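Peer 1: Quick one: this structure, given as structure tokens, is what I'll be asking you about.
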Amino acid sequence: EAGDTDRARALLESELKRTAVGERAELRVALARVTSLDDDVREASRRYEEALGEAAPGSRSEALAQEGLAATLFRLRERLVDAVELSEKAARTARALGAPELEAESLGTKALSEAALGRIEAVESCEAALSLQPACGDLPLLRQPRFGVTVVRFWHDDLTGAQRVFEEMSALAAERGDESSIPYLVVMLAQIDCALGRFSDAVGRAEAGESLAVQAGQRTLHGYVRAVRAVAEAHLGRIEEAERSGTQAFELAGRTGAVPIFAAWALGHLALARGDPVGALEQLAALLEHHEREGIREPGALPFAPDAIEALVDAGRLQEAAQALGSYEAAAERLERTRGVAAARRCRGLLHVAQGELEAAVHELEAAVELTSEAETPFERARSLMALGAALRRSKRRRDARARLEEALALFEGVGAALWVRRAQGELARISGRAATPGALTPAEQRVASLVAEGKTNREVAAALYLSERTVEGNLSHVFGKLGVRSRVQLARALASTKQEVLGSNTGDSPVSGVPLAP
């Protein structure tokens with residue numbers, strides 16, 4: 001737990017050889033735990049099974065083995081129903097033995113497995129686990145109940161709340177020298193960065209986490225961090241880097257028995273963004289089938305599913321797309337996951353487009369846009385806007401299509417999603433009729449420019465328009481470039497000199513007309 005897993009494993013294996021058969025259960029549990037931190041999740045699962053076979057019924061060793069096996073099954077995303085049962089048994093035994101820290105750890109594992117299965121009981125398990133947090137101060141942070149509970153919070157769409165807790169835990173882990181927990185906390189923060197559209201931040205976090213995992217000899221976690229880094233690089237459109245990171249993550253997963261969820265998602269997303277749905281499905285189809293087979297229903301635990309469904313639609317495999325979407329959509333609506341429902345609406349809209357049902361497609365895609373937020377999920381909002389713009393173009397609503405596509409383009413540029421920028425530009429180029437004049441402002445840019453011209457800071461503009469500061473910065477950069485100005489003062493002069501009503505008086509097919517270069 002201090003990070004030197006190779007030495008810990010060697011010491012435990014040596015001690016195991018000197019211990020009598022009937023007294024080895026707890027040593028086997030310790031060896032399994034080290035193995036799970038180190039390099040082989042499947043081997044750890046096997047070792048926990050061995051420990052469970054030797055442990056006395058109702059003993060602490062049995063409870064430790066049950067909880068450990070449940071935890072490895074969760075990490076493997078296999079037999080999660082068994083994981084729930086095992087962790088529940090461990091919690092009952094720990095309660096009977098008066099071991100609150102073990103009970104809390106068991107309840108945390110139970111909550112994670114229940115949450116992945118899409119069971120509403122996970123909320124109750126989280127509350128029960130957190131009630132025991134005060135008894136767990138001496139445990140490594142990764143084994144404390146608030147870690148698992150915070151993962152569930154992330155899945156349940158509390159992105160900023162989960163981010164805050166993980167950052168607090170990371171600082172505490174560094175202060176305590178809890179080296180085995182830090183890389184895992186970092187990788188969770190990188191995942192949240194991706195969900196928030198902060199892909200460059202995610203790459204930076206992942207690089208730091210990867211270095212820590214290598215230093216600690218945690219090969220499984222090294223692969224995990226590398227895979228999340230690949231996801232961020234894929235979203236940024238860094239093709240060579242994403243392919244390299246994804247391939248390396250696959251190699252590490254193959255050597256450790258881990259499930260390469262994020263590596264497959266990274267390479268699949270990269271292919272989808274490049275317009276290769278068949279290549280995307282080579283990565284994502286098996287992943288989708290595995291999670292369906294294992295009964296995993298929580299949308300937050302299926303970040304790759306919308307990409308897989310979109311790839312099925314783009315590849316013309318509409319019946320399969322409808323089946324996969326039905327399962328995902330039903331769970332998202334039943335569990336009231338806003339991000340999941342928004343993604344389902346987008347996929348449903350894309351499916352309607354492929355079936356030639358444009359009116360239904362526009363309805364679904366407008367709902368998807370309404371469910372997303374520029375401030376919290378700008379990338380997902382941009383994808384829904386682009387899909388809506390394309391559907392409106394096919395419906396011959398050119399002016400509406402252009403407005404949606406220009407907003408999508410600005411958001412893609414704001415988060416640095418280079419491949420999606422090109423796709424949005426391609427959709428804009430397909431719109432016939434009068435194109436936007438050079439220097440024209442999109443509706444989103446109009447709103448930002450107006451407030452900046454009033455003297456508001458980027459932070460104040462972001463608060464007023466419910467945007468992220470990053471999005472405001474991106475829009476302002478576009479405004480400066482289009483209007484040929486270099487400062488806020490010049491911007492105010494340019495708007496005043498032409499008496500533009502920046503908040504939207506334009507009624508033509510193009511956005512607000514450009515203004516001459518400011519003096």
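The chains in the structure tokens are called A, B, ... from first to last as shown; in each chain the residues are counted from 1, and the ligands are counted from 1 in the order shown.
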Please return as a PyMOL selection string: the residues of stretch 238-391 of chain A that backbone DSSP assigns to alpha helix (DSSP H).

Peer 2: chain A and resi 239-256+261-273+277-293+305-314+318-335+338-354+358-371+378-391

Peer 1: Go through stretch 215-332 of chain A residue by residue and, counting only C-alpha atoms, keep those with an atom at most 8 Å from stretch 105-129 of chain A; for each kept residue give the shortest atom pair and its distance in Å to one decimal, ordered by chain and increasing number, as JSON lines.

Peer 2:
```
{"residue": "A:Gly295", "atom": "CA", "partner": "A:Leu117", "partner_atom": "CA", "distance": 6.0}
{"residue": "A:Ile296", "atom": "CA", "partner": "A:Leu117", "partner_atom": "CA", "distance": 4.5}
{"residue": "A:Arg297", "atom": "CA", "partner": "A:Gly118", "partner_atom": "CA", "distance": 4.9}
{"residue": "A:Glu298", "atom": "CA", "partner": "A:Gly118", "partner_atom": "CA", "distance": 4.6}
{"residue": "A:Ala301", "atom": "CA", "partner": "A:Ala116", "partner_atom": "CA", "distance": 6.1}
{"residue": "A:Ala331", "atom": "CA", "partner": "A:Gly118", "partner_atom": "CA", "distance": 7.2}
```

Peer 1: As a ChimeraX atom specification, please: the residues near A:Gly98 (cut-off 12 Å, only C-alpha atoms, same-chain neighbours under 5 positions excluded).

Peer 2: /A:59-60,91-93,103-104,132,135

Peer 1: Using N, CA and C atoms, can you export the residues from the last selection as an mmCIF file, in the first residue's frame?

Peer 2:
```cif
data_model
loop_
_atom_site.group_PDB
_atom_site.id
_atom_site.type_symbol
_atom_site.label_atom_id
_atom_site.label_comp_id
_atom_site.auth_asym_id
_atom_site.auth_seq_id
_atom_site.Cartn_x
_atom_site.Cartn_y
_atom_site.Cartn_z
ATOM 1 N N SER A 59 -15.491 -15.954 9.520
ATOM 2 C CA SER A 59 -14.240 -15.355 9.993
ATOM 3 C C SER A 59 -13.936 -14.057 9.253
ATOM 4 N N ARG A 60 -13.016 -13.298 9.824
ATOM 5 C CA ARG A 60 -12.572 -12.067 9.163
ATOM 6 C C ARG A 60 -11.919 -12.381 7.815
ATOM 7 N N ALA A 91 -20.169 -7.688 4.284
ATOM 8 C CA ALA A 91 -20.634 -6.609 5.165
ATOM 9 C C ALA A 91 -21.346 -7.170 6.398
ATOM 10 N N ARG A 92 -22.151 -8.210 6.202
ATOM 11 C CA ARG A 92 -22.863 -8.813 7.340
ATOM 12 C C ARG A 92 -21.882 -9.432 8.327
ATOM 13 N N THR A 93 -20.888 -10.145 7.796
ATOM 14 C CA THR A 93 -19.892 -10.770 8.666
ATOM 15 C C THR A 93 -19.093 -9.713 9.414
ATOM 16 N N GLU A 103 -16.694 -3.456 7.063
ATOM 17 C CA GLU A 103 -18.095 -3.327 6.657
ATOM 18 C C GLU A 103 -18.247 -2.177 5.665
ATOM 19 N N ALA A 104 -17.591 -1.055 5.948
ATOM 20 C CA ALA A 104 -17.678 0.103 5.060
ATOM 21 C C ALA A 104 -17.094 -0.198 3.685
ATOM 22 N N LEU A 132 -20.239 5.032 7.733
ATOM 23 C CA LEU A 132 -19.124 4.377 8.415
ATOM 24 C C LEU A 132 -17.776 5.015 8.071
ATOM 25 N N ALA A 135 -14.941 5.721 10.655
ATOM 26 C CA ALA A 135 -14.158 4.601 11.178
ATOM 27 C C ALA A 135 -13.037 4.180 10.239
#
```

Peer 1: For A:His156, which of A:Glu207, A:Glu336, A:Glu62, A:Glu364 is the closest residue, counting only C-alpha atoms?

Peer 2: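 Nearest candidate to A:His156 out of A:Glu207, A:Glu336, A:Glu62, A:Glu364: A:Glu336.
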
Peer 1: When you count only C-alpha atoms, which of these residues is closest to A:Ala90: A:Ala342, A:Ala408, A:Ala70, A:Ala55?

Peer 2: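 For A:Ala90, the nearest of the given residues is A:Ala70.
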
Peer 1: Pick from A:Leu405, A:Phe304, A:Phe480, A:Ala280: nearest to A:Pro260, with only C-alpha atoms counted?

Peer 2: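 For A:Pro260, the nearest of the given residues is A:Phe304.
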
Peer 1: Which of these, A:Ala367, A:Glu88, A:Asn475, A:Ile431, has the shortest distance to A:Val452 once you count only C-alpha atoms?

Peer 2: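 For A:Val452, the nearest of the candidates is A:Asn475.
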
Peer 1: List the neighbours of A:Glu49 out to 9 Å using only C-alpha atoms; skip same-chain residues closer than 4 positions along the sequence, and give me the result as number ranges by chain.

Peer 2: A: 44-45, 53-54, 65-66, 69

Peer 1: For the selection you just gave me, I'd like the residues written to a file as an mmCIF file, in the first residue's frame, keeping N, CA and C atoms.

Peer 2:
```cif
data_model
loop_
_atom_site.group_PDB
_atom_site.id
_atom_site.type_symbol
_atom_site.label_atom_id
_atom_site.label_comp_id
_atom_site.auth_asym_id
_atom_site.auth_seq_id
_atom_site.Cartn_x
_atom_site.Cartn_y
_atom_site.Cartn_z
ATOM 1 N N ALA A 44 -5.486 -12.000 -9.422
ATOM 2 C CA ALA A 44 -5.964 -11.572 -8.106
ATOM 3 C C ALA A 44 -7.302 -12.226 -7.799
ATOM 4 N N SER A 45 -8.174 -12.284 -8.789
ATOM 5 C CA SER A 45 -9.475 -12.923 -8.595
ATOM 6 C C SER A 45 -9.307 -14.388 -8.219
ATOM 7 N N GLY A 53 -11.707 -20.326 -0.232
ATOM 8 C CA GLY A 53 -11.812 -21.777 -0.027
ATOM 9 C C GLY A 53 -11.158 -22.246 1.265
ATOM 10 N N GLU A 54 -10.169 -21.508 1.770
ATOM 11 C CA GLU A 54 -9.447 -21.910 2.979
ATOM 12 C C GLU A 54 -9.958 -21.217 4.241
ATOM 13 N N ALA A 65 -11.860 -12.030 1.977
ATOM 14 C CA ALA A 65 -11.806 -12.705 0.681
ATOM 15 C C ALA A 65 -13.058 -12.411 -0.142
ATOM 16 N N GLN A 66 -14.200 -12.393 0.507
ATOM 17 C CA GLN A 66 -15.451 -12.089 -0.205
ATOM 18 C C GLN A 66 -15.442 -10.679 -0.769
ATOM 19 N N LEU A 69 -12.821 -10.475 -3.652
ATOM 20 C CA LEU A 69 -13.286 -11.113 -4.881
ATOM 21 C C LEU A 69 -14.347 -10.244 -5.549
#
```

Peer 1: Check the smallest atom-to-atom distance from each of A:Leu73, A:Val341, A:Ala462, A:Ala332 to A:Arg447 using only C-alpha atoms, then report the winner.

Peer 2: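 Nearest candidate to A:Arg447 out of A:Leu73, A:Val341, A:Ala462, A:Ala332: A:Ala462.
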
Peer 1: So that I can see what lies close to A:Leu312, please list as a PyMOL selection string the residues with an atom at most 10 Å from it, counting only C-alpha atoms and leaving out residues fewer than 3 positions away in the same chain.

Peer 2: chain A and resi 277-278+280-281+284-285+306-309+315-322+324+351

Peer 1: Which residues are close to stretch 416-424 of chain A, i.e. within 12 Å by only C-alpha atoms, leaving aside same-chain residues fewer than 4 positions away? Reply as a ChimeraX atom specification.

Peer 2: /A:194,197-201,231-239,269-275,378-380,382-390,401-412,428-431,470-471,474

Peer 1: Go ahead and save the picked residues with N, CA and C atoms, as a compact mmCIF listing (two decimals), in the first residue's frame.

Peer 2:
```
# COMPACT_ATOMS: atom_id res chain seq x y z
N CYS A 194 -12.68 14.74 -19.09
CA CYS A 194 -13.21 14.36 -20.42
C CYS A 194 -14.70 14.62 -20.50
N GLY A 197 -15.48 18.11 -21.12
CA GLY A 197 -14.93 18.68 -22.34
C GLY A 197 -13.57 19.32 -22.17
N ARG A 198 -12.91 19.05 -21.05
CA ARG A 198 -11.58 19.63 -20.78
C ARG A 198 -10.51 18.60 -21.15
N PHE A 199 -10.40 18.34 -22.42
CA PHE A 199 -9.57 17.23 -22.89
C PHE A 199 -8.08 17.49 -22.69
N SER A 200 -7.65 18.72 -22.89
CA SER A 200 -6.23 19.02 -22.67
C SER A 200 -5.86 18.84 -21.20
N ASP A 201 -6.75 19.25 -20.30
CA ASP A 201 -6.51 19.04 -18.87
C ASP A 201 -6.42 17.55 -18.56
N VAL A 231 -8.26 8.37 -24.68
CA VAL A 231 -9.61 8.92 -24.88
C VAL A 231 -9.54 10.43 -25.08
N ALA A 232 -8.80 11.10 -24.22
CA ALA A 232 -8.67 12.56 -24.33
C ALA A 232 -7.99 12.95 -25.63
N GLU A 233 -6.93 12.24 -25.99
CA GLU A 233 -6.21 12.55 -27.23
C GLU A 233 -7.10 12.31 -28.44
N ALA A 234 -7.92 11.26 -28.40
CA ALA A 234 -8.83 10.98 -29.51
C ALA A 234 -9.84 12.11 -29.68
N HIS A 235 -10.38 12.61 -28.56
CA HIS A 235 -11.34 13.69 -28.65
C HIS A 235 -10.70 14.98 -29.15
N LEU A 236 -9.42 15.17 -28.86
CA LEU A 236 -8.69 16.33 -29.36
C LEU A 236 -8.29 16.18 -30.82
N GLY A 237 -8.47 14.98 -31.37
CA GLY A 237 -8.10 14.74 -32.76
C GLY A 237 -6.61 14.56 -32.97
N ARG A 238 -5.89 14.21 -31.91
CA ARG A 238 -4.45 13.94 -32.02
C ARG A 238 -4.28 12.49 -32.45
N ILE A 239 -4.34 12.27 -33.73
CA ILE A 239 -4.49 10.92 -34.28
C ILE A 239 -3.33 10.01 -33.89
N HIS A 269 -13.70 5.89 -30.88
CA HIS A 269 -14.10 7.29 -31.06
C HIS A 269 -13.27 7.95 -32.15
N LEU A 270 -11.99 7.64 -32.17
CA LEU A 270 -11.11 8.22 -33.18
C LEU A 270 -11.57 7.84 -34.58
N ALA A 271 -11.92 6.56 -34.75
CA ALA A 271 -12.40 6.10 -36.06
C ALA A 271 -13.73 6.77 -36.43
N LEU A 272 -14.62 6.88 -35.46
CA LEU A 272 -15.91 7.52 -35.72
C LEU A 272 -15.73 8.97 -36.12
N ALA A 273 -14.88 9.69 -35.41
CA ALA A 273 -14.63 11.10 -35.71
C ALA A 273 -14.02 11.28 -37.09
N ARG A 274 -13.31 10.27 -37.55
CA ARG A 274 -12.68 10.33 -38.88
C ARG A 274 -13.61 9.85 -39.98
N GLY A 275 -14.86 9.52 -39.62
CA GLY A 275 -15.83 9.07 -40.61
C GLY A 275 -15.69 7.62 -40.99
N PRO A 378 -19.95 20.90 -22.93
CA PRO A 378 -19.93 21.58 -24.23
C PRO A 378 -19.72 20.65 -25.41
N PHE A 379 -18.91 19.60 -25.23
CA PHE A 379 -18.65 18.69 -26.35
C PHE A 379 -19.91 17.93 -26.73
N GLU A 380 -20.63 17.41 -25.74
CA GLU A 380 -21.85 16.66 -26.05
C GLU A 380 -22.91 17.58 -26.65
N ALA A 382 -22.29 20.17 -28.48
CA ALA A 382 -21.86 20.43 -29.85
C ALA A 382 -22.24 19.28 -30.78
N ARG A 383 -22.10 18.05 -30.32
CA ARG A 383 -22.46 16.91 -31.16
C ARG A 383 -23.96 16.90 -31.45
N SER A 384 -24.76 17.23 -30.44
CA SER A 384 -26.21 17.28 -30.66
C SER A 384 -26.57 18.42 -31.61
N LEU A 385 -25.92 19.56 -31.45
CA LEU A 385 -26.16 20.70 -32.34
C LEU A 385 -25.78 20.38 -33.78
N MET A 386 -24.66 19.68 -33.96
CA MET A 386 -24.24 19.34 -35.31
C MET A 386 -25.23 18.37 -35.95
N ALA A 387 -25.67 17.38 -35.18
CA ALA A 387 -26.65 16.43 -35.71
C ALA A 387 -27.95 17.14 -36.05
N LEU A 388 -28.37 18.08 -35.18
CA LEU A 388 -29.59 18.84 -35.44
C LEU A 388 -29.42 19.70 -36.68
N GLY A 389 -28.28 20.36 -36.80
CA GLY A 389 -28.04 21.19 -37.98
C GLY A 389 -28.11 20.39 -39.27
N ALA A 390 -27.52 19.19 -39.25
CA ALA A 390 -27.55 18.34 -40.45
C ALA A 390 -28.98 17.92 -40.78
N ALA A 401 -30.44 25.63 -39.85
CA ALA A 401 -29.33 24.67 -39.90
C ALA A 401 -28.00 25.38 -39.71
N ARG A 402 -27.84 26.52 -40.40
CA ARG A 402 -26.57 27.23 -40.30
C ARG A 402 -26.33 27.72 -38.87
N ALA A 403 -27.38 28.22 -38.23
CA ALA A 403 -27.21 28.73 -36.86
C ALA A 403 -26.77 27.62 -35.92
N ARG A 404 -27.38 26.46 -36.03
CA ARG A 404 -27.01 25.33 -35.15
C ARG A 404 -25.60 24.85 -35.44
N LEU A 405 -25.26 24.76 -36.72
CA LEU A 405 -23.94 24.27 -37.09
C LEU A 405 -22.84 25.25 -36.69
N GLU A 406 -23.11 26.53 -36.79
CA GLU A 406 -22.10 27.51 -36.38
C GLU A 406 -21.90 27.48 -34.87
N GLU A 407 -22.97 27.26 -34.13
CA GLU A 407 -22.83 27.13 -32.68
C GLU A 407 -22.04 25.87 -32.33
N ALA A 408 -22.33 24.77 -33.04
CA ALA A 408 -21.59 23.53 -32.82
C ALA A 408 -20.11 23.74 -33.13
N LEU A 409 -19.82 24.41 -34.24
CA LEU A 409 -18.44 24.65 -34.62
C LEU A 409 -17.70 25.45 -33.55
N ALA A 410 -18.35 26.49 -33.03
CA ALA A 410 -17.70 27.30 -31.99
C ALA A 410 -17.40 26.47 -30.75
N LEU A 411 -18.32 25.60 -30.37
CA LEU A 411 -18.10 24.75 -29.19
C LEU A 411 -17.00 23.73 -29.44
N PHE A 412 -16.99 23.12 -30.61
CA PHE A 412 -15.92 22.17 -30.93
C PHE A 412 -14.56 22.87 -30.90
N LEU A 428 -21.38 22.62 -42.68
CA LEU A 428 -21.68 24.00 -43.08
C LEU A 428 -21.47 24.21 -44.57
N ALA A 429 -20.44 23.59 -45.10
CA ALA A 429 -20.14 23.75 -46.52
C ALA A 429 -21.22 23.13 -47.41
N ARG A 430 -22.01 22.21 -46.84
CA ARG A 430 -23.03 21.52 -47.64
C ARG A 430 -24.33 22.31 -47.70
N ILE A 431 -24.42 23.40 -46.94
CA ILE A 431 -25.64 24.20 -46.96
C ILE A 431 -25.64 25.08 -48.20
N ARG A 470 -13.87 28.86 -20.70
CA ARG A 470 -13.18 28.37 -21.89
C ARG A 470 -14.01 28.65 -23.15
N THR A 471 -15.33 28.41 -23.06
CA THR A 471 -16.20 28.66 -24.21
C THR A 471 -16.26 30.15 -24.53
N GLY A 474 -13.14 31.09 -26.32
CA GLY A 474 -13.16 30.64 -27.71
C GLY A 474 -14.04 31.53 -28.58
```
